Every structure is written in C-alpha cells, then in structure tokens.
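Pasting start.txt here (compact mmCIF, C-alpha atoms and all ligand atoms):
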```
# COMPACT_ATOMS: atom_id res chain seq x y z
CA MET A 183 83.96 79.33 106.86
CA THR A 184 83.70 79.42 110.64
CA ASP A 185 80.91 78.97 113.14
CA ILE A 186 81.70 82.26 114.91
CA PRO A 187 78.37 84.12 115.20
CA PRO A 188 78.62 87.60 113.57
CA ASP A 189 77.12 89.21 116.68
CA HIS A 190 79.91 87.88 118.90
CA PRO A 191 81.52 90.92 120.61
CA ARG A 192 84.95 89.85 119.39
CA TYR A 193 83.81 88.71 115.94
CA LEU A 194 86.35 90.72 113.91
CA SER A 195 89.26 89.73 116.10
CA LEU A 196 88.24 86.05 116.01
CA MET A 197 87.80 86.15 112.22
CA THR A 198 91.28 87.65 111.87
CA ARG A 199 92.66 84.79 113.97
CA HIS A 200 90.80 82.34 111.80
CA ARG A 201 92.35 83.82 108.64
CA ILE A 202 95.87 83.51 110.06
CA VAL A 203 95.28 79.90 111.18
CA SER A 204 93.88 79.10 107.77
CA GLY A 205 96.97 80.75 106.21
CA VAL A 206 99.17 78.34 108.17
CA GLU A 207 97.00 75.37 107.12
CA LYS A 208 97.34 76.40 103.46
CA GLY A 209 101.12 76.78 103.77
CA ILE A 210 100.98 80.56 103.16
CA THR A 211 101.76 81.78 106.68
CA SER A 212 104.66 80.56 108.82
CA GLN A 213 103.97 79.09 112.25
CA GLU A 214 105.98 81.99 113.66
CA GLY A 215 103.38 84.20 111.99
CA LEU A 216 100.86 83.01 114.60
CA ILE A 217 103.07 84.34 117.37
CA ALA A 218 103.57 87.64 115.54
CA GLN A 219 99.79 87.96 115.20
CA GLY A 220 99.40 87.31 118.94
CA ARG A 221 101.81 90.11 119.75
CA GLY A 222 99.96 92.38 117.37
CA GLU A 223 96.61 91.50 118.98
CA ALA A 224 97.90 92.48 122.40
CA PHE A 225 98.84 95.95 121.14
CA ASP A 226 95.59 96.22 119.21
CA TYR A 227 93.68 95.53 122.43
CA LEU A 228 95.55 98.37 124.14
CA ILE A 229 94.85 100.71 121.24
CA GLY A 230 91.14 99.91 121.45
CA GLU A 231 90.90 97.82 118.25
CA GLU A 232 90.11 100.84 116.12
CA THR A 233 91.93 103.21 113.78
CA LEU A 234 92.78 106.21 115.93
CA PRO A 235 93.31 109.73 114.51
CA PHE A 236 97.12 109.45 114.46
CA ALA A 237 96.78 106.22 112.45
CA TYR A 238 94.41 107.83 109.93
CA ALA A 239 96.94 110.65 109.51
CA SER A 240 99.77 108.19 108.87
CA GLU A 241 97.65 106.18 106.41
CA TYR A 242 96.78 109.38 104.54
CA ALA A 243 100.45 110.45 104.38
CA ALA A 244 101.47 106.93 103.33
CA SER A 245 98.89 106.95 100.54
CA ALA A 246 100.27 110.28 99.33
CA MET A 247 103.83 108.95 99.50
CA ILE A 248 103.06 105.86 97.42
CA LEU A 249 101.31 107.99 94.81
CA LEU A 250 104.30 110.34 94.66
CA ALA A 251 106.81 107.49 94.36
CA LYS A 252 108.76 107.06 91.14
CA ARG A 253 108.99 103.32 91.82
CA GLY A 254 106.78 102.24 94.68
CA ILE A 255 106.55 98.58 95.71
CA ILE A 256 104.35 96.60 98.09
CA SER A 257 106.23 93.90 99.99
CA VAL A 258 104.09 90.90 100.97
CA ASN A 259 104.82 88.35 103.70
CA GLY A 260 102.90 85.31 104.92
CA ASN A 261 100.77 87.18 107.46
CA ALA A 262 99.71 89.99 105.15
CA ALA A 263 98.90 87.49 102.38
CA ALA A 264 96.61 85.51 104.69
CA LEU A 265 94.90 88.54 106.21
CA ILE A 266 94.33 90.97 103.34
CA PRO A 267 95.09 89.41 99.95
CA ALA A 268 92.32 91.17 97.98
CA GLU A 269 93.04 94.55 99.57
CA LEU A 270 96.76 94.29 98.74
CA VAL A 271 95.88 93.52 95.13
CA GLN A 272 93.52 96.52 95.07
CA LEU A 273 96.15 98.82 96.60
CA SER A 274 98.65 97.67 93.99
CA GLU A 275 96.19 98.29 91.16
CA ILE A 276 95.19 101.80 92.22
CA THR A 277 98.70 103.00 93.09
CA GLY A 278 100.56 101.22 90.28
CA ALA A 279 103.01 99.80 92.87
CA PRO A 280 103.73 96.13 92.07
CA LEU A 281 103.52 93.33 94.64
CA GLU A 282 106.69 91.45 95.66
CA VAL A 283 106.69 88.45 97.99
CA ASN A 284 109.55 88.79 100.46
CA LEU A 285 109.78 86.39 103.38
CA PHE A 286 111.74 86.20 106.60
CA TYR A 287 111.21 82.42 106.93
CA ARG A 288 111.67 81.96 103.20
CA THR A 289 110.98 78.70 101.42
CA GLU A 290 110.51 78.61 97.65
CA GLU A 291 107.35 76.56 98.14
CA ARG A 292 105.77 79.21 100.36
CA VAL A 293 106.75 82.03 97.97
CA LEU A 294 104.96 80.22 95.11
CA LYS A 295 101.90 79.49 97.26
CA ILE A 296 101.62 83.16 98.23
CA ILE A 297 101.95 84.26 94.60
CA LYS A 298 99.18 81.84 93.58
CA HIS A 299 97.03 83.00 96.50
CA LEU A 300 97.41 86.66 95.44
CA GLN A 301 96.63 85.73 91.85
CA ALA A 302 93.51 83.89 93.01
CA HIS A 303 92.50 87.27 94.48
CA GLY A 304 92.99 89.07 91.18
CA ALA A 305 96.71 89.89 91.03
CA GLY A 306 98.51 89.84 87.69
CA GLN A 307 102.29 89.54 87.82
CA VAL A 308 103.70 89.17 91.33
CA LEU A 309 107.46 89.50 91.88
CA GLY A 310 109.54 87.51 94.34
CA ALA A 311 109.92 83.99 92.92
CA GLN A 312 113.22 84.71 91.16
CA PRO A 313 115.21 87.14 93.28
CA ASP A 314 118.24 88.48 91.41
CA ALA A 315 119.57 91.07 93.88
CA SER A 316 120.22 91.33 97.58
CA ILE A 317 119.80 94.01 100.21
CA PRO A 318 123.30 94.98 101.41
CA GLY A 319 124.16 94.27 105.04
CA LEU A 320 121.18 91.98 105.68
CA GLN A 321 121.95 88.36 106.59
CA SER A 322 118.41 86.96 106.70
CA GLN A 323 116.48 85.40 103.83
CA ARG A 324 114.67 88.71 103.54
CA SER A 325 117.74 90.06 101.74
CA LYS A 326 116.67 88.16 98.59
CA VAL A 327 114.86 90.68 96.40
CA CYS A 328 114.09 91.44 92.76
CA ARG A 329 116.19 94.08 91.00
CA ASP A 330 113.11 95.47 89.26
CA GLY A 331 111.15 95.44 92.52
CA ILE A 332 112.24 96.15 96.07
CA TYR A 333 115.90 96.65 95.09
CA SER A 334 115.30 99.63 92.83
CA ALA A 335 112.19 101.04 94.53
CA ASP A 336 112.26 104.48 96.12
CA VAL A 337 109.24 103.80 98.37
CA VAL A 338 108.66 100.40 99.99
CA PHE A 339 105.38 99.59 101.72
CA VAL A 340 105.84 96.85 104.30
CA PRO A 341 102.76 95.64 106.12
CA LEU A 342 104.25 93.79 109.15
CA GLU A 343 107.99 93.76 109.29
CA ASP A 344 111.05 92.77 111.25
CA GLY A 345 113.30 95.64 112.23
CA ASP A 346 116.47 94.45 110.47
CA ARG A 347 115.13 94.82 106.96
CA CYS A 348 113.54 98.17 107.67
CA GLU A 349 116.92 99.44 108.85
CA ALA A 350 118.71 97.98 105.80
CA LEU A 351 116.19 99.52 103.38
CA MET A 352 116.55 102.90 105.06
CA ARG A 353 120.36 102.59 104.70
CA MET A 354 119.79 102.11 100.96
CA GLY A 355 118.16 105.56 100.94
CA LYS A 356 114.61 104.31 100.48
CA GLN A 357 111.49 105.65 102.11
CA VAL A 358 109.83 102.91 104.14
CA ILE A 359 106.17 102.80 105.13
CA ALA A 360 105.62 100.19 107.84
CA VAL A 361 102.41 98.92 109.40
CA ASP A 362 103.12 97.74 112.93
CA LEU A 363 100.77 97.70 115.90
CA ASN A 364 103.75 97.94 118.23
CA PRO A 365 104.90 101.58 118.40
CA LEU A 366 107.94 100.45 120.41
CA SER A 367 109.26 98.12 117.71
CA ARG A 368 112.51 98.92 115.92
CA THR A 369 110.56 98.96 112.68
CA ALA A 370 108.11 101.59 113.93
CA LYS A 371 110.93 103.73 115.27
CA GLN A 372 112.98 103.55 112.07
CA ALA A 373 110.41 103.75 109.28
CA THR A 374 109.78 106.98 107.38
CA ILE A 375 106.06 106.54 108.06
CA SER A 376 104.94 104.14 110.81
CA ILE A 377 101.30 103.15 110.71
CA VAL A 378 100.31 101.98 114.20
CA ASP A 379 97.17 100.14 113.20
CA ASN A 380 96.06 96.62 112.35
CA VAL A 381 96.79 95.75 108.71
CA VAL A 382 93.21 94.54 108.42
CA ARG A 383 92.08 98.15 108.96
CA ALA A 384 95.08 100.09 107.59
CA VAL A 385 95.17 98.67 104.07
CA PRO A 386 91.37 98.96 103.45
CA ASN A 387 91.57 102.55 104.74
CA MET A 388 94.34 103.30 102.26
CA VAL A 389 92.34 101.70 99.45
CA LYS A 390 89.66 104.32 100.19
CA MET A 391 92.13 107.22 100.58
CA VAL A 392 94.14 106.69 97.40
CA PRO A 393 91.32 107.52 94.92
CA LYS A 394 90.55 110.70 96.90
CA LEU A 395 94.21 111.74 96.80
CA LYS A 396 94.38 110.96 93.09
CA GLY A 397 91.69 113.60 92.64
CA LYS A 398 94.00 116.25 94.16
CA ASP A 399 97.04 117.81 92.54
CA LYS A 400 100.63 116.73 93.11
CA GLY A 401 101.33 119.78 95.29
CA TYR A 402 98.54 118.79 97.67
CA ARG A 403 99.87 115.22 97.94
CA HIS A 404 103.36 116.57 98.55
CA GLY A 405 102.03 118.85 101.29
CA VAL A 406 100.26 115.93 102.99
CA MET A 407 103.47 113.92 102.97
CA MET A 408 105.72 116.75 104.15
CA ASN A 409 103.39 117.89 106.93
CA PHE A 410 103.22 114.45 108.50
CA ASP A 411 105.29 114.13 111.67
CA ASN A 412 106.17 110.48 112.31
CA LYS A 413 107.68 111.09 115.77
CA LYS A 414 104.49 112.82 116.87
CA GLY A 415 102.41 109.94 115.49
CA LEU A 416 104.40 107.44 117.55
CA ALA A 417 104.15 109.63 120.66
CA ASP A 418 100.37 109.89 120.18
CA ALA A 419 100.18 106.09 119.85
CA MET A 420 102.06 105.67 123.14
CA ASP A 421 99.83 108.24 124.85
CA SER A 422 96.80 106.41 123.64
CA ILE A 423 98.07 103.06 124.92
CA SER A 424 98.98 104.60 128.30
CA GLY A 425 95.53 106.22 128.45
CA HIS A 426 93.81 102.89 127.90
CA LEU A 427 95.98 101.24 130.57
CA ILE A 428 95.06 103.90 133.11
CA LYS A 429 91.37 103.50 132.32
CA ILE A 430 91.36 99.67 132.70
CA ASP A 431 90.25 98.81 136.25
O1 LIG B 501 106.00 85.40 106.36
P1 LIG B 501 107.38 85.68 106.87
O2 LIG B 501 108.27 84.46 106.77
O3 LIG B 501 108.02 86.87 106.20
O4 LIG B 501 107.29 86.03 108.44
C1 LIG B 501 106.49 87.11 108.86
C2 LIG B 501 106.63 87.41 110.37
C3 LIG B 501 105.57 88.42 110.74
C4 LIG B 501 106.40 86.10 111.15
C5 LIG B 501 108.05 87.94 110.65
O5 LIG B 501 108.29 89.09 109.88
C6 LIG B 501 108.25 88.24 112.12
O6 LIG B 501 108.69 87.41 112.89
O7 LIG B 501 107.90 89.48 112.49
P2 LIG B 501 108.03 90.04 114.00
O8 LIG B 501 109.46 90.37 114.27
O9 LIG B 501 107.31 89.13 114.94
O10 LIG B 501 107.26 91.41 113.90
C7 LIG B 501 105.92 91.48 113.57
C8 LIG B 501 105.38 92.82 114.07
O11 LIG B 501 104.10 93.00 113.47
C9 LIG B 501 105.17 92.86 115.58
O12 LIG B 501 105.70 94.09 116.09
C10 LIG B 501 103.64 92.82 115.78
O13 LIG B 501 103.22 93.65 116.84
C11 LIG B 501 103.15 93.39 114.46
N1 LIG B 501 101.85 92.82 114.04
C12 LIG B 501 101.43 91.53 114.18
N2 LIG B 501 100.20 91.38 113.63
C13 LIG B 501 99.85 92.58 113.12
C14 LIG B 501 100.90 93.50 113.39
N3 LIG B 501 100.84 94.78 112.99
C15 LIG B 501 99.73 95.18 112.32
N4 LIG B 501 98.69 94.35 112.04
C16 LIG B 501 98.71 93.06 112.42
N5 LIG B 501 97.67 92.25 112.13
```

Let me see whether you can do it: turn the structure in this file into structure tokens.
Amino acid sequence: MTDIPPDHPRYLSLMTRHRIVSGVEKGITSQEGLIAQGRGEAFDYLIGEETLPFAYASEYAASAMILLAKRGIISVNGNAAALIPAELVQLSEITGAPLEVNLFYRTEERVLKIIKHLQAHGAGQVLGAQPDASIPGLQSQRSKVCRDGIYSADVVFVPLEDGDRCEALMRMGKQVIAVDLNPLSRTAKQATISIVDNVVRAVPNMVKMVPKLKGKDKGYRHGVMMNFDNKKGLADAMDSISGHLIKID
C-alpha cells in the first residue's frame, strides 16, 4: 500500500518505483536492481512511457515465437519478480513455458524468496533452486542454470537482462527474446527479438496477445515471427527517442 493518489500525473511510474523498493525490502530484488530500474525509467521517459507501435510488433512476434518453441522458458530475475509476478505466472501458464529463476547477483536465499513469491502469485513448480548445468563461456553467477530449463530451451524469454548472458545464450544457438528499455544496450542489439518497452507494459500485453495467436494456425504464427525485423524495430525505437528529444523545449 502507498499513499500515492491515483490521480497523480506520474502515478504508474511512482507505483512501479514502489514495487521495486518493496522488492528490495522483501529480499527479492537486489540493491543494484534499483539502479537498473532508474536507468530504465530514463529511457521510458524518452519513449513517452507508452507502448509504441514498434514495441507492439515485437511483443506480437515474441508471443508467436514462444508459442512456436519446442522448449520455451521464462527467465526471472529480482526486478521482474518484484514488478510483474502475477503476469509472469500467467504468461507461463498460457504458453506452457516454465519459469526459471536466474540471477546475476545470485544468493541461494534470494532464489528461494523469489520462488516463494512467484508461488504466492499462483505459480506451480519454479526452476532455479538446484542448477545442474552451466552456460558455456559465462563467468557470472548467471551461468548457473537447470538442464531441464534454460540449458535445453530453444527459446529463452528474458525480461531485463545483462548483455553477457544474452550473448552466451545466442552462442548456444538459442533464440533470445529480451525486454530492455535501452535500445542501445548490448542485450537489445544481440537478442533475436528486442522488446523496447517497460516490462510492466510488455508482459501484460503479451498475456493478451498469446490467446489471440493461439486461435490462429501455426503457419500464421510462423509468418508473424519471420516477418518481424528486429533491426528495424531498434531503429524505430531510436528514431522515436530522438523525436522526443527534439520536441522537448
Ligand atoms: O536480480 P538480478 O541479481 O539478476 O539482477 C538484475 C539486474 C537488473 C540488477 C541486473 O541484471 C543488471 O544489473 O542489469 P543491467 O545491466 O543494469 O541491465 C538492465 C537493463 O534493463 C538496462 O538496460 C535498463 O535500461 C533495463 N530496464 C530497467 N528497468 C526496466 C528495463 N527494461 C524494461 N523494463 C524495466 N522496468
């Protein structure tokens, strides 16, 4: 609960901040996660704090890609868990892609807290507590993964990411869907599909898109995925940011 009045012009942004701070207080989010959120907010401000057409297109293509995956997986870190726990659980349920906790600033205590938090929001089994494989060529704690999860997945959905793991997953031949408000980040540049949008909008959008795509045939979903041009999406995001900068007086 907060005392932010719902008619405050920056209500949604302030509520998102509140959720991240509360994630840190509960031991779900790392303190570094606050800084990451601040960087994200700055880009969100430049984007206009809304889902722009290029972001909708990437979310639609990403939804199609997860549905087409043989073994899709949703990777969860401390920021995503604090911001959109129920929506991640929903996305997992409707796509059949399991949830796996995978942390950069890994502690076993935080992994367990995140798993419990997701389960309190309706998740069944959540992977990540007993990693039994590692991502080749990655030195950070993020390399610790589950063989039945991220390690053997063909499509990995990573809401908020650091560039190193994205690169390592791509080297393993996986398709990576990243949500990152910064179109200049290494993650955004490397991912198969880069969603330049706030996770608090992107994941709920995908939760709405997936049932619609499930109503279409496989060929349609394949077409959506193949027709998506990630480089163009990133260029459109940059144009949009530049446009907003020019308009600010
Ligand atoms: O929980 P952990 O230990 O796995 O740590 C998670 C963080 C996010 C702290 C860690 O992965 C990290 O340090 O990430 P970076 O390198 O700071 O990258 C985070 C990226 O996410 C940045 O490019 C931000 O612009 C972007 N970002 C931050 N908040 C959001 C966001 N993108 C979308 N939605 C957001 N709400």

Spatial neighbours of Lys371 (chain A), 9 Å, all atoms listed in the file, chain gap at least 3 places, as a list in words: Gly345, Pro365, Leu366, Ser367, Arg368, Thr374, Ser376, Asn412, Lys413 and Leu416 of chain A

Protein and nucleic acid residues within 7 Å of ligand LIG 501 (chain B) (only C-alpha atoms and all ligand atoms) as number ranges by chain: A: 211-212, 214-215, 217-223, 225, 259-261, 284-288, 341-345, 361-364, 367, 379-382

Six-sided padding of 8 Å per side, axis-aligned box over region 255-272 of chain A, centre and edges in Å, one decimal, as lines of an AutoDock Vina configuration file:
```
center_x = 99.4
center_y = 91.9
center_z = 101.3
size_x = 30.2
size_y = 29.3
size_z = 28.4
```

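Closest approach to His426 (chain A) among A:Val392, A:Ile229, A:Leu194, A:Met247 is made by A:Ile229 (distances from only C-alpha atoms).
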
Exercise: Ala263 (chain A) partners within 10 Å, all atoms listed in the file, chain neighbours under 5 positions left out, as number ranges by chain: A: 201-202, 205, 210-211, 258, 268-271, 283, 295-297, 299-300, 341

Identify, on the basis of all atoms listed in the file, every residue whose closest approach to region 249-253 of chain A does not exceed 12 Å; exclude the query and any residue fewer than 3 positions from it along the same chain; express the result as an mmCIF file with C-alpha atoms, keeping the file's coordinate frame.
```
data_model
loop_
_atom_site.group_PDB
_atom_site.id
_atom_site.type_symbol
_atom_site.label_atom_id
_atom_site.label_comp_id
_atom_site.auth_asym_id
_atom_site.auth_seq_id
_atom_site.Cartn_x
_atom_site.Cartn_y
_atom_site.Cartn_z
ATOM 1 C CA TYR A 242 96.780 109.380 104.540
ATOM 2 C CA ALA A 243 100.450 110.450 104.380
ATOM 3 C CA ALA A 244 101.470 106.930 103.330
ATOM 4 C CA SER A 245 98.890 106.950 100.540
ATOM 5 C CA ALA A 246 100.270 110.280 99.330
ATOM 6 C CA ILE A 256 104.350 96.600 98.090
ATOM 7 C CA LEU A 273 96.150 98.820 96.600
ATOM 8 C CA SER A 274 98.650 97.670 93.990
ATOM 9 C CA GLU A 275 96.190 98.290 91.160
ATOM 10 C CA ILE A 276 95.190 101.800 92.220
ATOM 11 C CA THR A 277 98.700 103.000 93.090
ATOM 12 C CA GLY A 278 100.560 101.220 90.280
ATOM 13 C CA ALA A 279 103.010 99.800 92.870
ATOM 14 C CA PRO A 280 103.730 96.130 92.070
ATOM 15 C CA LEU A 281 103.520 93.330 94.640
ATOM 16 C CA ARG A 329 116.190 94.080 91.000
ATOM 17 C CA ASP A 330 113.110 95.470 89.260
ATOM 18 C CA GLY A 331 111.150 95.440 92.520
ATOM 19 C CA ILE A 332 112.240 96.150 96.070
ATOM 20 C CA TYR A 333 115.900 96.650 95.090
ATOM 21 C CA SER A 334 115.300 99.630 92.830
ATOM 22 C CA ALA A 335 112.190 101.040 94.530
ATOM 23 C CA ASP A 336 112.260 104.480 96.120
ATOM 24 C CA VAL A 337 109.240 103.800 98.370
ATOM 25 C CA VAL A 338 108.660 100.400 99.990
ATOM 26 C CA PHE A 339 105.380 99.590 101.720
ATOM 27 C CA LYS A 356 114.610 104.310 100.480
ATOM 28 C CA GLN A 357 111.490 105.650 102.110
ATOM 29 C CA VAL A 358 109.830 102.910 104.140
ATOM 30 C CA ILE A 359 106.170 102.800 105.130
ATOM 31 C CA MET A 388 94.340 103.300 102.260
ATOM 32 C CA VAL A 389 92.340 101.700 99.450
ATOM 33 C CA MET A 391 92.130 107.220 100.580
ATOM 34 C CA VAL A 392 94.140 106.690 97.400
ATOM 35 C CA PRO A 393 91.320 107.520 94.920
ATOM 36 C CA LYS A 394 90.550 110.700 96.900
ATOM 37 C CA LEU A 395 94.210 111.740 96.800
ATOM 38 C CA LYS A 396 94.380 110.960 93.090
ATOM 39 C CA GLY A 397 91.690 113.600 92.640
ATOM 40 C CA LYS A 398 94.000 116.250 94.160
ATOM 41 C CA ASP A 399 97.040 117.810 92.540
ATOM 42 C CA LYS A 400 100.630 116.730 93.110
ATOM 43 C CA GLY A 401 101.330 119.780 95.290
ATOM 44 C CA TYR A 402 98.540 118.790 97.670
ATOM 45 C CA ARG A 403 99.870 115.220 97.940
ATOM 46 C CA HIS A 404 103.360 116.570 98.550
ATOM 47 C CA GLY A 405 102.030 118.850 101.290
ATOM 48 C CA VAL A 406 100.260 115.930 102.990
ATOM 49 C CA MET A 407 103.470 113.920 102.970
ATOM 50 C CA MET A 408 105.720 116.750 104.150
#
```

Would you pull region 294-404 of chain A out of the block just shown and save C-alpha atoms as a PDB file, in the first residue's frame?
```pdb
ATOM      1  CA  LEU A 294      14.217 -19.236  -2.729  1.00  0.00           C
ATOM      2  CA  LYS A 295      12.455 -15.987  -1.824  1.00  0.00           C
ATOM      3  CA  ILE A 296      11.681 -15.306  -5.492  1.00  0.00           C
ATOM      4  CA  ILE A 297      10.362 -18.844  -5.988  1.00  0.00           C
ATOM      5  CA  LYS A 298       8.073 -18.446  -2.954  1.00  0.00           C
ATOM      6  CA  HIS A 299       6.961 -15.019  -4.183  1.00  0.00           C
ATOM      7  CA  LEU A 300       6.027 -16.453  -7.607  1.00  0.00           C
ATOM      8  CA  GLN A 301       4.211 -19.331  -5.934  1.00  0.00           C
ATOM      9  CA  ALA A 302       2.296 -16.858  -3.781  1.00  0.00           C
ATOM     10  CA  HIS A 303       1.124 -15.406  -7.108  1.00  0.00           C
ATOM     11  CA  GLY A 304      -0.095 -18.763  -8.367  1.00  0.00           C
ATOM     12  CA  ALA A 305       2.981 -20.476  -9.829  1.00  0.00           C
ATOM     13  CA  GLY A 306       3.360 -24.242  -9.539  1.00  0.00           C
ATOM     14  CA  GLN A 307       6.864 -25.609  -9.972  1.00  0.00           C
ATOM     15  CA  VAL A 308       9.529 -22.948 -10.483  1.00  0.00           C
ATOM     16  CA  LEU A 309      13.023 -23.992 -11.606  1.00  0.00           C
ATOM     17  CA  GLY A 310      16.288 -22.425 -10.491  1.00  0.00           C
ATOM     18  CA  ALA A 311      16.942 -23.562  -6.912  1.00  0.00           C
ATOM     19  CA  GLN A 312      19.065 -26.551  -7.918  1.00  0.00           C
ATOM     20  CA  PRO A 313      21.062 -25.637 -11.007  1.00  0.00           C
ATOM     21  CA  ASP A 314      22.751 -28.679 -12.540  1.00  0.00           C
ATOM     22  CA  ALA A 315      24.248 -27.187 -15.725  1.00  0.00           C
ATOM     23  CA  SER A 316      26.148 -24.104 -16.740  1.00  0.00           C
ATOM     24  CA  ILE A 317      26.114 -21.765 -19.710  1.00  0.00           C
ATOM     25  CA  PRO A 318      29.466 -22.167 -21.509  1.00  0.00           C
ATOM     26  CA  GLY A 319      31.758 -19.143 -21.613  1.00  0.00           C
ATOM     27  CA  LEU A 320      29.882 -17.161 -18.958  1.00  0.00           C
ATOM     28  CA  GLN A 321      31.780 -16.329 -15.761  1.00  0.00           C
ATOM     29  CA  SER A 322      28.982 -14.680 -13.771  1.00  0.00           C
ATOM     30  CA  GLN A 323      26.554 -16.380 -11.401  1.00  0.00           C
ATOM     31  CA  ARG A 324      24.033 -16.205 -14.213  1.00  0.00           C
ATOM     32  CA  SER A 325      25.782 -19.201 -15.781  1.00  0.00           C
ATOM     33  CA  LYS A 326      24.099 -21.477 -13.191  1.00  0.00           C
ATOM     34  CA  VAL A 327      21.059 -22.961 -14.911  1.00  0.00           C
ATOM     35  CA  CYS A 328      18.830 -26.033 -14.869  1.00  0.00           C
ATOM     36  CA  ARG A 329      19.424 -28.708 -17.507  1.00  0.00           C
ATOM     37  CA  ASP A 330      15.678 -29.174 -17.974  1.00  0.00           C
ATOM     38  CA  GLY A 331      15.143 -25.415 -18.147  1.00  0.00           C
ATOM     39  CA  ILE A 332      17.282 -22.676 -19.652  1.00  0.00           C
ATOM     40  CA  TYR A 333      20.076 -25.086 -20.644  1.00  0.00           C
ATOM     41  CA  SER A 334      17.972 -27.166 -23.024  1.00  0.00           C
ATOM     42  CA  ALA A 335      15.488 -24.487 -24.100  1.00  0.00           C
ATOM     43  CA  ASP A 336      15.321 -23.362 -27.718  1.00  0.00           C
ATOM     44  CA  VAL A 337      13.612 -20.035 -26.896  1.00  0.00           C
ATOM     45  CA  VAL A 338      14.515 -18.033 -23.777  1.00  0.00           C
ATOM     46  CA  PHE A 339      12.412 -15.066 -22.682  1.00  0.00           C
ATOM     47  CA  VAL A 340      14.447 -12.659 -20.570  1.00  0.00           C
ATOM     48  CA  PRO A 341      12.662  -9.655 -19.147  1.00  0.00           C
ATOM     49  CA  LEU A 342      15.573  -7.335 -18.165  1.00  0.00           C
ATOM     50  CA  GLU A 343      18.979  -8.710 -18.859  1.00  0.00           C
ATOM     51  CA  ASP A 344      22.688  -8.069 -18.812  1.00  0.00           C
ATOM     52  CA  GLY A 345      24.387  -8.337 -22.179  1.00  0.00           C
ATOM     53  CA  ASP A 346      26.850 -11.108 -21.307  1.00  0.00           C
ATOM     54  CA  ARG A 347      24.256 -13.802 -20.807  1.00  0.00           C
ATOM     55  CA  CYS A 348      22.286 -12.811 -23.872  1.00  0.00           C
ATOM     56  CA  GLU A 349      25.454 -13.206 -25.933  1.00  0.00           C
ATOM     57  CA  ALA A 350      26.270 -16.582 -24.321  1.00  0.00           C
ATOM     58  CA  LEU A 351      22.734 -17.901 -24.919  1.00  0.00           C
ATOM     59  CA  MET A 352      22.872 -16.809 -28.548  1.00  0.00           C
ATOM     60  CA  ARG A 353      26.229 -18.645 -28.900  1.00  0.00           C
ATOM     61  CA  MET A 354      24.438 -21.783 -27.677  1.00  0.00           C
ATOM     62  CA  GLY A 355      22.141 -21.438 -30.701  1.00  0.00           C
ATOM     63  CA  LYS A 356      19.092 -20.326 -28.754  1.00  0.00           C
ATOM     64  CA  GLN A 357      16.586 -17.697 -29.748  1.00  0.00           C
ATOM     65  CA  VAL A 358      16.509 -14.945 -27.148  1.00  0.00           C
ATOM     66  CA  ILE A 359      13.624 -12.555 -26.532  1.00  0.00           C
ATOM     67  CA  ALA A 360      14.771  -9.632 -24.378  1.00  0.00           C
ATOM     68  CA  VAL A 361      12.781  -6.811 -22.824  1.00  0.00           C
ATOM     69  CA  ASP A 362      15.022  -3.782 -22.431  1.00  0.00           C
ATOM     70  CA  LEU A 363      14.035  -0.122 -22.473  1.00  0.00           C
ATOM     71  CA  ASN A 364      17.509   0.781 -23.668  1.00  0.00           C
ATOM     72  CA  PRO A 365      17.735   0.151 -27.426  1.00  0.00           C
ATOM     73  CA  LEU A 366      21.480   0.859 -27.246  1.00  0.00           C
ATOM     74  CA  SER A 367      22.217  -1.933 -24.771  1.00  0.00           C
ATOM     75  CA  ARG A 368      24.272  -4.937 -25.842  1.00  0.00           C
ATOM     76  CA  THR A 369      21.296  -7.112 -24.954  1.00  0.00           C
ATOM     77  CA  ALA A 370      18.943  -5.214 -27.251  1.00  0.00           C
ATOM     78  CA  LYS A 371      21.457  -5.314 -30.083  1.00  0.00           C
ATOM     79  CA  GLN A 372      22.137  -9.041 -29.738  1.00  0.00           C
ATOM     80  CA  ALA A 373      18.747 -10.562 -28.966  1.00  0.00           C
ATOM     81  CA  THR A 374      16.695 -12.317 -31.639  1.00  0.00           C
ATOM     82  CA  ILE A 375      13.728 -10.163 -30.644  1.00  0.00           C
ATOM     83  CA  SER A 376      14.319  -7.000 -28.591  1.00  0.00           C
ATOM     84  CA  ILE A 377      11.262  -5.535 -26.939  1.00  0.00           C
ATOM     85  CA  VAL A 378      11.956  -1.862 -26.228  1.00  0.00           C
ATOM     86  CA  ASP A 379       9.208  -1.344 -23.684  1.00  0.00           C
ATOM     87  CA  ASN A 380       8.745  -1.366 -19.935  1.00  0.00           C
ATOM     88  CA  VAL A 381       8.247  -4.903 -18.595  1.00  0.00           C
ATOM     89  CA  VAL A 382       5.219  -3.623 -16.699  1.00  0.00           C
ATOM     90  CA  ARG A 383       3.548  -2.988 -20.081  1.00  0.00           C
ATOM     91  CA  ALA A 384       5.252  -5.612 -22.268  1.00  0.00           C
ATOM     92  CA  VAL A 385       4.359  -8.729 -20.304  1.00  0.00           C
ATOM     93  CA  PRO A 386       0.658  -7.795 -19.766  1.00  0.00           C
ATOM     94  CA  ASN A 387       0.459  -7.011 -23.500  1.00  0.00           C
ATOM     95  CA  MET A 388       1.834 -10.447 -24.312  1.00  0.00           C
ATOM     96  CA  VAL A 389      -0.623 -12.068 -21.904  1.00  0.00           C
ATOM     97  CA  LYS A 390      -3.380 -10.534 -24.061  1.00  0.00           C
ATOM     98  CA  MET A 391      -1.714 -11.424 -27.395  1.00  0.00           C
ATOM     99  CA  VAL A 392      -0.978 -15.090 -26.702  1.00  0.00           C
ATOM    100  CA  PRO A 393      -4.631 -16.282 -26.553  1.00  0.00           C
ATOM    101  CA  LYS A 394      -5.340 -14.444 -29.823  1.00  0.00           C
ATOM    102  CA  LEU A 395      -2.346 -16.101 -31.502  1.00  0.00           C
ATOM    103  CA  LYS A 396      -3.391 -19.480 -30.127  1.00  0.00           C
ATOM    104  CA  GLY A 397      -6.609 -19.033 -32.101  1.00  0.00           C
ATOM    105  CA  LYS A 398      -4.601 -18.807 -35.355  1.00  0.00           C
ATOM    106  CA  ASP A 399      -2.861 -21.643 -37.148  1.00  0.00           C
ATOM    107  CA  LYS A 400       0.831 -22.480 -36.878  1.00  0.00           C
ATOM    108  CA  GLY A 401       1.540 -21.043 -40.337  1.00  0.00           C
ATOM    109  CA  TYR A 402       0.170 -17.666 -39.271  1.00  0.00           C
ATOM    110  CA  ARG A 403       2.314 -17.644 -36.115  1.00  0.00           C
ATOM    111  CA  HIS A 404       5.347 -18.612 -38.180  1.00  0.00           C
TER     112      HIS A 404
END
```
